[in-house]
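Down below is the structure, laid out as structure tokens.
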Amino acid sequence: MSCSLCRLPFTPCAISVDPHPPPAGTLTSKQYKYFMYSVGFGKMVPGMLIQFEYLDNNMFGNALAAPMVINIQWEAGGGTIVMLHTACATIFRHIFDATDNTKETLVKLSQIELVLGRPQDKENAGRFNYVNYEGVGKDKVDLRPFWIPVNDVGANKFDWPKFMASGLDWTLNRPDVFPKFNSTVAAERIAALGPPPESTKDIITTQPADILHALLSYLSNESFVSLLSTCRLLRHHALTTFQSHARQRVLALGWAVPLPAEHAAAVEIRTKSGREAPPMAHAVDSPVNGDWLLYLSHVHRTQSMRVRRWVWALAEELHRAHDARLPDTKYADGVTAGGKPNKSKARRELEHLVDEKYSSHLLFTNKLPKGKVEEVLQEMMGRSH
């Protein structure tokens with residue numbers, strides 16, 4: 001069973017009665033634990049958006065403590081449930097502007113599989129239609145050769161030995177492990193350059209400062225770094241005067257800094273353990289004169305950030321496919337005679353469905369007031385009969 005975004009497999013959790021884990025030594029313990037968890041969403045998911053653990057053998061079970069245990073089949077009825085690894089889900093939801101748990105977000109997420117069709121079954125199990133998985137990003141990752149079709153629902157096998165020998169094992173790194181951000185430029189980094197020259201004669205460094213600032217904004221990231229590495233004076237400016245340019249470039253990448261939910265989670269974990277806030281780059285909290293140049297370099301070097309770049313590109317491709325497909329579906333909004341947007345009948349029906357199921361979403365995500373739990377459970381049991 002695979003993530004519908006990155007297409008990598010899940011690993012069976014501890015309560016699986018018949019687990020089929022990767023060969024011993026394939027994954028680290030942290031990697032194995034990461035691939036156990038998923039976020040499932042859509043009309044066929046109880047609560048429409050909840051977290052799961054992989055039970056193996058075509059089954060997922062709800063991961064969070066709730067008054068009711070949920071086990072659902074992943075592949076059934078000609079398609080699969082949308083399941084994403086947790087970090088994939090965070091990036092995916094950001095790209096679709098669906099980061100909260102409101103009714104509008106549940107409608108938006110549920111509509112994705114209605115527009116693109118349910119993720120496929122059989123040999124393409126878990127894969128969305130209309131999405132060019134293999135053509136995105138710099139790395140052009142193709143995982144199709146490692147999925148072995150099996151003539152049974154939800155039973156496709158991942159060829160771990162072949163995959164590990166392919167050179168693509170870098171994709172197993174978590175895409176939410178960020179380089180350390182230094183809030184100040186280390187004195188040793190500046191001292192290592194020596195004093196900047198008092199005068200220069202070349203055509204670049206003799207330009208006024210405002211001209212240099214304007215010039216830098218036109219350069220690609222590669223050219224920006226290359227230019228600032230050409231001489232001692234520019235290297236000195238890179239660590240001091242031009243840090244704001246490096247900051248702008250980091251933030252413009254999008255994927256290079258933690259998303260608000262990721263940053264908040266990291267802060268909460270460290271606060272509970274009595275530690276200081278994590279040394280993570282942040283658009284607001286991190287100082288403008290921090291070592292953004294060093295961070296810009298690191299996000300292009302670590303394997304986790306390489307994975308994040310790839311997953312981010314996949315999410316953008318899926319968003320493109322959804323937006324391209326939407327106008328040709330019954331979920332596209334119309335326009336009234338007066339020129340105002342008019343929701344389609346199918347969209348209104350989906351919103352009504354979310355209204356009906358929203359209390360169960362709150363139940364399975366532990367956000368329902370205790371006084372309402374029994375009432376909602378009875379309603380759900382009544383619908384099932």
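We name chains A, B, ... following the order of the structure tokens; residues begin at 1 in each chain, and ligands are numbered from 1 as shown.
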All residues 12 Å or closer to A:Asp355, only C-alpha atoms, same chain fewer than 2 positions away omitted, as a ChimeraX atom specification: /A:47-48,102-107,348-353,357-362
Please run DSSP on the backbone and report, as a ChimeraX atom specification, all residues within stretch 200-244 of chain A that come out as alpha helix (DSSP H). /A:209-216,221-227,232-239,243-244
Which of these, A:Pro179, A:Ile91, A:Pro161, A:Glu113, has the shortest distance to A:Ala24 once you count only C-alpha atoms? A:Pro161
For A:Asn58, the nearest of the candidates A:Arg270, A:Lys43, A:Lys157, A:Lys108, counting only C-alpha atoms: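 Among the listed residues, A:Lys157 lies closest to A:Asn58.
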Spatial neighbours of A:Ala346, 10 Å, only C-alpha atoms, chain gap at least 6 places, as a list in words: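 The contact residues come out as Gln111, Leu114, Thr329, Lys330, Tyr331, Ala332, Asp333 and His352 of chain A.
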So which one's closest to A:Ser297, A:His319, A:Lys370, A:Lys180, A:His263? Using only C-alpha atoms, please. A:Lys180
Which one is closest to A:Leu318: A:Leu215, A:Ala14, A:Leu116, A:Val39? Count only C-alpha atoms.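 Looking only at the distances to A:Leu318, the closest residue turns out to be A:Leu116.
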Taking into account only C-alpha atoms, which residue in the set A:Ile95, A:Ile70, A:Leu8, A:Thr80 is nearest to A:Glu317?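 Of the candidates, the smallest distance to A:Glu317 is held by A:Ile95.
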List every residue of stretch 140-250 of chain A that has an atom at most 8 Å from any atom of stretch 128-134 of chain A, and for each one report the closest atom pair and its distance in Å to one decimal, counting only C-alpha atoms, with rows sorted by chain and then by increasing residue number, as a Markdown table.
```
| residue | atom | partner | partner_atom | distance |
| --- | --- | --- | --- | --- |
| A:Lys140 | CA | A:Glu134 | CA | 5.3 |
| A:Val141 | CA | A:Glu134 | CA | 5.4 |
| A:Asp142 | CA | A:Glu134 | CA | 5.1 |
```
Among stretch 51-215 of chain A, which residues does DSSP mark as strand (DSSP E) when it is run on the backbone? Keep the chain and numbering as in the structure and answer as a list in words.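 Going through stretch 51-215 of chain A, the strand (DSSP E) residues come out as Gln51, Phe52, Glu53, Tyr54, Leu55, Asp56, Met59, Phe60, Gly61, Asn62, Asn71, Ile72, Gln73, Glu75, Ala76, Gly79, Thr80, Val82, Met83, Leu84, His85, Trp147, Ile148, Lys157 and Phe158 of chain A.
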Residue subset to file, keeping C-alpha atoms, as a compact mmCIF listing (two decimals), in the first residue's frame:
```txt
# COMPACT_ATOMS: atom_id res chain seq x y z
CA GLN A 51 -4.93 9.96 11.18
CA PHE A 52 -4.33 6.22 10.76
CA GLU A 53 -1.79 3.49 11.36
CA TYR A 54 -1.06 0.86 8.73
CA LEU A 55 -2.27 -2.56 9.83
CA ASP A 56 -0.98 -4.36 6.71
CA MET A 59 -6.16 -2.38 6.28
CA PHE A 60 -5.66 0.89 8.13
CA GLY A 61 -6.81 1.62 11.68
CA ASN A 62 -7.31 4.96 13.40
CA ASN A 71 -10.59 -0.25 10.54
CA ILE A 72 -10.97 0.49 6.84
CA GLN A 73 -10.00 -1.32 3.66
CA GLU A 75 -8.29 -0.96 -1.87
CA ALA A 76 -11.91 -1.87 -2.61
CA GLY A 79 -10.11 2.19 -6.27
CA THR A 80 -8.25 3.05 -3.08
CA VAL A 82 -6.48 8.53 -0.21
CA MET A 83 -3.70 7.88 2.29
CA LEU A 84 -0.65 10.12 2.71
CA HIS A 85 2.38 9.91 4.96
CA TRP A 147 5.86 -2.13 -7.24
CA ILE A 148 5.08 -5.79 -7.98
CA LYS A 157 4.46 -5.78 -2.99
CA PHE A 158 7.31 -3.30 -2.86
```
Please identify all polymer residues within 12 Å of A:Pro278, counting only C-alpha atoms, omitting same-chain residues fewer than 4 positions from it, and present them as a ChimeraX atom specification. /A:177-183,258,262-271,273-274,282,285-286
Which of these residues is nearest to A:Gly117, using only C-alpha atoms: A:Pro145, A:Pro197, A:Gly78, A:Pro341?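 Using only C-alpha atoms, A:Gly117 sits closest to A:Gly78.
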For a test of reading the model, state the distance in Å between atom CA of A:Arg247 and atom CA of A:Arg309, rounded to one decimal.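 Atom CA of A:Arg309 lies at a distance of 17.8 Å from atom CA of A:Arg247.
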Please identify all polymer residues within 9 Å of A:Glu316, counting only C-alpha atoms, omitting same-chain residues fewer than 3 positions from it, and present them as a ChimeraX atom specification. /A:92,95-96,311-313,319-321
Write out the residues from the selection above, keeping N, CA, C and O atoms, as a CSV table (one decimal), in the first residue's frame.
```csv
chain,number,residue,atom,x,y,z
A,92,PHE,N,0.9,18.6,1.3
A,92,PHE,CA,-0.2,18.6,0.4
A,92,PHE,C,-1.3,19.5,0.8
A,92,PHE,O,-1.8,20.3,0.0
A,95,ILE,N,-0.3,23.2,0.1
A,95,ILE,CA,-0.4,23.5,-1.3
A,95,ILE,C,-1.9,23.8,-1.7
A,95,ILE,O,-2.2,24.6,-2.6
A,96,PHE,N,-2.8,23.0,-1.1
A,96,PHE,CA,-4.2,23.1,-1.5
A,96,PHE,C,-4.9,24.2,-0.6
A,96,PHE,O,-6.2,24.3,-0.6
A,311,VAL,N,8.8,16.1,-2.8
A,311,VAL,CA,7.4,16.0,-2.4
A,311,VAL,C,6.6,17.3,-2.6
A,311,VAL,O,5.4,17.2,-3.0
A,312,TRP,N,7.2,18.4,-2.4
A,312,TRP,CA,6.6,19.7,-2.7
A,312,TRP,C,6.2,19.8,-4.2
A,312,TRP,O,5.1,20.2,-4.5
A,313,ALA,N,7.1,19.4,-5.0
A,313,ALA,CA,6.8,19.5,-6.5
A,313,ALA,C,5.7,18.5,-6.8
A,313,ALA,O,4.9,18.8,-7.7
A,319,HIS,N,-1.9,19.5,-7.5
A,319,HIS,CA,-2.8,20.7,-7.5
A,319,HIS,C,-3.1,21.2,-9.0
A,319,HIS,O,-4.2,21.6,-9.3
A,320,ARG,N,-2.0,21.2,-9.8
A,320,ARG,CA,-2.2,21.6,-11.2
A,320,ARG,C,-3.2,20.6,-11.9
A,320,ARG,O,-4.1,21.1,-12.6
A,321,ALA,N,-3.1,19.3,-11.7
A,321,ALA,CA,-4.0,18.4,-12.3
A,321,ALA,C,-5.4,18.6,-11.9
A,321,ALA,O,-6.3,18.5,-12.7
```
Using only C-alpha atoms, determine which residues lie at most 8 Å from stretch 224-236 of chain A, disregarding the query and same-chain residues fewer than 3 positions distant; provide the list as a PyMOL selection string. chain A and resi 190+193+196-197+205+216+219-221+239-240
